[in-house]
Amino acid sequence: MTDLPPVPVFDGHNDMLLRLWMDRTDPVKSFVEGRPQGHMDLPRARKGGFGGGIFAINPPSPSIGQIFELMKAESYDLGLPDPLPLDEARSSTLGMAAEMLRLACGTDTFAICTTVSEIRAAMAAGKIAGIMHIEGADGLDTDFETFEVLYAAGLRSIGPVWSRPTAYGAGVPLKFPGTPDTGPGLTEAGRQLVRECNARHMLIDLSHITEKGFWDVAEISDAPLVASHSNVHAITPSPRNLTDQQLDCIREHDGLVGLNFATCFLRPDGRMDADTPVEVMVRHIDHLVDRLGEDRVGLGSDFDGAIVCADIADLGGYPVLMQAMRDKGYGETLINKIAHGNWLAVLERTGLA
Ligand SMILES: [Zn+2]
């Protein structure tokens, strides 16, 4: 390791809001003083260079607690979790949005940002810059009323589905090995959601959606195609990863892929196992850079929602990945693009300007 100051990071995906909401503790106090039970807090953000990212609101399925244990097996097929009733999903969605608003109101070290210039200003001022994102639109009614209210609260990014089917489309199951072509594409309401997001220059996130849903969005969306936290299917054949054909389409649409740090999407054997070398992360980055070009690869750690390599461990571990890229011959310009520059540029191309 070098003594260089940490490279600033803007990370495309984390699940901290879900953990804060489930913990039912004071979110400001836990974030500012530290929450050793999770991956993310302010002290470790400072250590690792985390300047901001996309914060997911992810309505939980009741079975969420056992998933990681089951994903330690050699192969697994957990199927699709049951659809969530709208009222239940809307309640947790609003709860997590409230946690983010409390963070922004309760500390001068966290800002909800709606444009890239706000992100740059927050990062320059030493604040954590957060984009509000929904991972699974289960809680959004198809009259788009909750959507309007959350847009006013700062929502600027939506993934129409997590694994469960929603009114908008279908996600891929938690399964290994497998292809992303596991079910139907967008519903008519899903097409409307894409149009509503396009009209407001919001990001549409393709991580978790079926391959058919991916092609549907590619066909109708005006926005760059972005998968915030997915990896390379040619290395790790998980339905959550992207085939080379999908990567080529993301390149054509000038989008971006964020590298997911979850070992089940990195390891060729698909296991959730912290005993995984960091070099495997660089192997995926190499393939993404090769396929997408240097301007369309970023990070999407999935911190607080995954088991990551032991040497990375948490938010404080980004410098270990940066060093692994240096060791592989990556220059500082490319490392800075991957760490934050490419994310800010694709958000600008999406219209968060
Ligand atoms: Zn996810």
# chains A, B, ... in the order shown; residues from 1 in each chain; ligands from 1
call {"tool": "residues_near_ligand", "arguments": {"ligand": "ligand 1", "cutoff": "7 Å", "atoms": "only C-alpha atoms and all ligand atoms", "output": "ChimeraX atom specification"}}
result
/A:135,162,207-208,229,302
call {"tool": "select_by_dssp", "arguments": {"residues": "region 99-284 of chain A", "states": "helix (DSSP H, G or I)", "output": "PyMOL selection string"}}
result
chain A and resi 99-106+116-124+137-139+145-152+188-199+211-220+244-252+263-266+279-284
call {"tool": "write_last_selection", "arguments": {"atoms": "C-alpha atoms", "output": "compact mmCIF listing (two decimals), in the first residue's frame"}}
result
# COMPACT_ATOMS: atom_id res chain seq x y z
CA GLU A 99 -34.10 7.88 6.98
CA MET A 100 -32.26 9.63 4.14
CA LEU A 101 -34.06 12.92 4.80
CA ARG A 102 -33.18 12.63 8.50
CA LEU A 103 -29.52 12.13 7.59
CA ALA A 104 -29.56 15.22 5.37
CA CYS A 105 -31.36 17.35 7.97
CA GLY A 106 -29.56 16.01 11.02
CA VAL A 116 -24.14 16.62 -10.64
CA SER A 117 -23.16 20.18 -9.73
CA GLU A 118 -24.69 19.60 -6.29
CA ILE A 119 -22.70 16.34 -6.01
CA ARG A 120 -19.46 18.12 -6.93
CA ALA A 121 -20.18 20.96 -4.47
CA ALA A 122 -21.01 18.54 -1.63
CA MET A 123 -17.90 16.44 -2.23
CA ALA A 124 -15.70 19.55 -2.41
CA ALA A 137 -40.58 -0.07 -7.44
CA ASP A 138 -42.95 -2.35 -5.48
CA GLY A 139 -44.02 0.63 -3.34
CA GLU A 145 -48.70 9.55 -6.96
CA THR A 146 -45.97 8.19 -4.64
CA PHE A 147 -43.52 8.74 -7.49
CA GLU A 148 -44.42 12.46 -7.61
CA VAL A 149 -44.06 12.86 -3.85
CA LEU A 150 -40.71 11.10 -3.76
CA TYR A 151 -39.44 13.06 -6.76
CA ALA A 152 -40.17 16.20 -4.74
CA GLU A 188 -47.38 -1.54 -19.84
CA ALA A 189 -46.97 0.25 -16.47
CA GLY A 190 -43.23 -0.48 -16.74
CA ARG A 191 -43.13 1.27 -20.11
CA GLN A 192 -44.95 4.23 -18.57
CA LEU A 193 -42.42 4.29 -15.70
CA VAL A 194 -39.56 4.51 -18.21
CA ARG A 195 -41.32 7.40 -19.99
CA GLU A 196 -41.95 9.21 -16.65
CA CYS A 197 -38.26 8.80 -15.69
CA ASN A 198 -37.11 10.00 -19.13
CA ALA A 199 -39.36 13.07 -18.89
CA GLU A 211 -32.84 -9.86 -20.03
CA LYS A 212 -36.19 -9.24 -21.79
CA GLY A 213 -36.78 -6.23 -19.52
CA PHE A 214 -33.28 -4.98 -20.37
CA TRP A 215 -34.01 -5.07 -24.13
CA ASP A 216 -37.40 -3.40 -23.56
CA VAL A 217 -35.75 -0.48 -21.73
CA ALA A 218 -33.01 -0.30 -24.40
CA GLU A 219 -35.70 0.03 -27.06
CA ILE A 220 -37.83 2.76 -25.48
CA ASP A 244 -21.32 -9.53 -23.60
CA GLN A 245 -24.29 -8.72 -25.85
CA GLN A 246 -25.82 -6.60 -23.06
CA LEU A 247 -22.46 -4.91 -22.42
CA ASP A 248 -22.18 -4.05 -26.14
CA CYS A 249 -25.66 -2.48 -25.99
CA ILE A 250 -24.68 -0.41 -22.90
CA ARG A 251 -21.63 0.82 -24.83
CA GLU A 252 -23.77 1.77 -27.85
CA THR A 263 -18.33 -12.19 -4.01
CA CYS A 264 -21.24 -14.25 -5.44
CA PHE A 265 -21.17 -12.03 -8.55
CA LEU A 266 -17.34 -11.94 -8.74
CA GLU A 279 -7.61 -9.63 -7.94
CA VAL A 280 -10.89 -11.20 -9.08
CA MET A 281 -12.47 -7.72 -8.90
CA VAL A 282 -9.81 -6.39 -11.28
CA ARG A 283 -10.50 -9.30 -13.63
CA HIS A 284 -14.11 -8.11 -14.00
call {"tool": "residues_around", "arguments": {"residues": "Arg271 (chain A)", "least_positions_apart": "6", "cutoff": "12 Å", "atoms": "only C-alpha atoms", "output": "mmCIF file with C-alpha atoms, in the first residue's frame"}}
result
data_model
loop_
_atom_site.group_PDB
_atom_site.id
_atom_site.type_symbol
_atom_site.label_atom_id
_atom_site.label_comp_id
_atom_site.auth_asym_id
_atom_site.auth_seq_id
_atom_site.Cartn_x
_atom_site.Cartn_y
_atom_site.Cartn_z
ATOM 1 C CA PHE A 68 -26.663 -15.141 2.309
ATOM 2 C CA GLU A 69 -26.464 -18.534 4.046
ATOM 3 C CA LEU A 70 -28.179 -20.234 1.104
ATOM 4 C CA MET A 71 -25.866 -18.496 -1.369
ATOM 5 C CA LYS A 72 -22.792 -20.148 0.166
ATOM 6 C CA ALA A 73 -23.707 -23.434 -1.578
ATOM 7 C CA GLU A 74 -22.052 -24.714 -4.752
ATOM 8 C CA SER A 75 -25.228 -24.074 -6.717
ATOM 9 C CA TYR A 76 -28.560 -22.703 -5.576
ATOM 10 C CA LEU A 174 -31.248 -15.564 -6.835
ATOM 11 C CA LYS A 175 -29.801 -18.530 -8.673
ATOM 12 C CA PHE A 176 -26.418 -19.935 -9.692
ATOM 13 C CA PRO A 177 -25.465 -20.750 -12.334
ATOM 14 C CA THR A 236 -19.314 -15.442 -13.358
ATOM 15 C CA PRO A 237 -22.429 -17.002 -14.926
ATOM 16 C CA SER A 238 -24.973 -15.490 -12.507
ATOM 17 C CA ALA A 262 -20.485 -9.096 -3.705
ATOM 18 C CA THR A 263 -18.332 -12.189 -4.014
ATOM 19 C CA CYS A 264 -21.238 -14.245 -5.439
ATOM 20 C CA PHE A 265 -21.173 -12.030 -8.552
ATOM 21 C CA ALA A 306 -23.506 -8.192 0.381
ATOM 22 C CA ILE A 307 -20.558 -10.236 1.596
ATOM 23 C CA VAL A 308 -17.427 -8.627 0.110
ATOM 24 C CA CYS A 309 -13.749 -9.705 -0.125
#
call {"tool": "residues_around", "arguments": {"residues": "Pro5 (chain A)", "least_positions_apart": "4", "cutoff": "10 Å", "atoms": "only C-alpha atoms", "output": "PyMOL selection string"}}
result
chain A and resi 47-49+319
call {"tool": "write_last_selection", "arguments": {"atoms": "C-alpha atoms", "output": "mmCIF file, in the first residue's frame"}}
result
data_model
loop_
_atom_site.group_PDB
_atom_site.id
_atom_site.type_symbol
_atom_site.label_atom_id
_atom_site.label_comp_id
_atom_site.auth_asym_id
_atom_site.auth_seq_id
_atom_site.Cartn_x
_atom_site.Cartn_y
_atom_site.Cartn_z
ATOM 1 C CA LYS A 47 -10.685 6.491 5.652
ATOM 2 C CA GLY A 48 -11.636 5.014 2.263
ATOM 3 C CA GLY A 49 -12.224 8.205 0.272
ATOM 4 C CA PRO A 319 -7.756 2.000 -1.392
#
call {"tool": "atom_distance", "arguments": {"atom1": "CA of Arg267 (chain A)", "atom2": "CA of Thr243 (chain A)"}}
result
15.7 Å
call {"tool": "atom_distance", "arguments": {"atom1": "CA of His233 (chain A)", "atom2": "CA of Gly293 (chain A)"}}
result
17.2 Å
call {"tool": "residues_around", "arguments": {"residues": "Thr107 (chain A)", "least_positions_apart": "6", "cutoff": "12 Å", "atoms": "only C-alpha atoms", "output": "count of residues only"}}
result
13
call {"tool": "atom_distance", "arguments": {"atom1": "CA of Ala339 (chain A)", "atom2": "CA of Leu292 (chain A)"}}
result
15.7 Å
call {"tool": "select_by_dssp", "arguments": {"residues": "region 10-88 of chain A", "states": "strand (DSSP E)", "output": "PyMOL selection string"}}
result
chain A and resi 10-14+50-57+76-77
call {"tool": "write_last_selection", "arguments": {"atoms": "N, CA, C and O atoms", "output": "PDB file, in the first residue's frame"}}
result
ATOM      1  N   PHE A  10     -17.183   7.927  -5.877  1.00  0.00           N
ATOM      2  CA  PHE A  10     -18.642   8.028  -5.965  1.00  0.00           C
ATOM      3  C   PHE A  10     -19.117   6.640  -6.371  1.00  0.00           C
ATOM      4  O   PHE A  10     -18.775   6.142  -7.443  1.00  0.00           O
ATOM      5  N   ASP A  11     -19.880   6.010  -5.497  1.00  0.00           N
ATOM      6  CA  ASP A  11     -20.189   4.577  -5.622  1.00  0.00           C
ATOM      7  C   ASP A  11     -21.679   4.423  -5.985  1.00  0.00           C
ATOM      8  O   ASP A  11     -22.560   4.948  -5.296  1.00  0.00           O
ATOM      9  N   GLY A  12     -21.948   3.646  -7.034  1.00  0.00           N
ATOM     10  CA  GLY A  12     -23.291   3.591  -7.609  1.00  0.00           C
ATOM     11  C   GLY A  12     -24.333   2.775  -6.875  1.00  0.00           C
ATOM     12  O   GLY A  12     -25.509   2.787  -7.294  1.00  0.00           O
ATOM     13  N   HIS A  13     -23.965   2.076  -5.796  1.00  0.00           N
ATOM     14  CA  HIS A  13     -25.020   1.328  -5.096  1.00  0.00           C
ATOM     15  C   HIS A  13     -24.631   0.931  -3.677  1.00  0.00           C
ATOM     16  O   HIS A  13     -23.584   0.338  -3.454  1.00  0.00           O
ATOM     17  N   ASN A  14     -25.516   1.238  -2.722  1.00  0.00           N
ATOM     18  CA  ASN A  14     -25.374   0.669  -1.376  1.00  0.00           C
ATOM     19  C   ASN A  14     -26.754   0.493  -0.760  1.00  0.00           C
ATOM     20  O   ASN A  14     -27.732   1.091  -1.205  1.00  0.00           O
ATOM     21  N   PHE A  50     -14.618   7.629   0.392  1.00  0.00           N
ATOM     22  CA  PHE A  50     -16.001   7.650  -0.085  1.00  0.00           C
ATOM     23  C   PHE A  50     -16.558   9.058   0.013  1.00  0.00           C
ATOM     24  O   PHE A  50     -16.728   9.588   1.100  1.00  0.00           O
ATOM     25  N   GLY A  51     -16.849   9.665  -1.152  1.00  0.00           N
ATOM     26  CA  GLY A  51     -17.375  11.018  -1.160  1.00  0.00           C
ATOM     27  C   GLY A  51     -18.862  11.067  -1.431  1.00  0.00           C
ATOM     28  O   GLY A  51     -19.512  12.087  -1.238  1.00  0.00           O
ATOM     29  N   GLY A  52     -19.404   9.963  -1.909  1.00  0.00           N
ATOM     30  CA  GLY A  52     -20.831   9.961  -2.175  1.00  0.00           C
ATOM     31  C   GLY A  52     -21.233   8.761  -3.000  1.00  0.00           C
ATOM     32  O   GLY A  52     -20.390   7.962  -3.415  1.00  0.00           O
ATOM     33  N   GLY A  53     -22.546   8.656  -3.233  1.00  0.00           N
ATOM     34  CA  GLY A  53     -23.008   7.512  -3.994  1.00  0.00           C
ATOM     35  C   GLY A  53     -24.515   7.502  -4.131  1.00  0.00           C
ATOM     36  O   GLY A  53     -25.212   8.435  -3.730  1.00  0.00           O
ATOM     37  N   ILE A  54     -24.986   6.418  -4.714  1.00  0.00           N
ATOM     38  CA  ILE A  54     -26.412   6.228  -4.920  1.00  0.00           C
ATOM     39  C   ILE A  54     -26.912   5.335  -3.789  1.00  0.00           C
ATOM     40  O   ILE A  54     -26.404   4.224  -3.580  1.00  0.00           O
ATOM     41  N   PHE A  55     -27.864   5.883  -3.022  1.00  0.00           N
ATOM     42  CA  PHE A  55     -28.369   5.222  -1.806  1.00  0.00           C
ATOM     43  C   PHE A  55     -29.710   4.581  -2.138  1.00  0.00           C
ATOM     44  O   PHE A  55     -30.683   5.281  -2.473  1.00  0.00           O
ATOM     45  N   ALA A  56     -29.772   3.254  -2.019  1.00  0.00           N
ATOM     46  CA  ALA A  56     -30.967   2.525  -2.439  1.00  0.00           C
ATOM     47  C   ALA A  56     -32.016   2.455  -1.337  1.00  0.00           C
ATOM     48  O   ALA A  56     -31.700   2.225  -0.171  1.00  0.00           O
ATOM     49  N   ILE A  57     -33.264   2.636  -1.769  1.00  0.00           N
ATOM     50  CA  ILE A  57     -34.437   2.321  -0.953  1.00  0.00           C
ATOM     51  C   ILE A  57     -34.910   0.979  -1.472  1.00  0.00           C
ATOM     52  O   ILE A  57     -35.333   0.876  -2.618  1.00  0.00           O
ATOM     53  N   TYR A  76     -27.329 -22.964  -6.340  1.00  0.00           N
ATOM     54  CA  TYR A  76     -28.560 -22.703  -5.576  1.00  0.00           C
ATOM     55  C   TYR A  76     -29.597 -22.117  -6.516  1.00  0.00           C
ATOM     56  O   TYR A  76     -29.263 -21.560  -7.576  1.00  0.00           O
ATOM     57  N   ASP A  77     -30.856 -22.285  -6.145  1.00  0.00           N
ATOM     58  CA  ASP A  77     -31.945 -21.660  -6.883  1.00  0.00           C
ATOM     59  C   ASP A  77     -33.020 -21.282  -5.877  1.00  0.00           C
ATOM     60  O   ASP A  77     -33.809 -22.126  -5.448  1.00  0.00           O
TER      61      ASP A  77
END
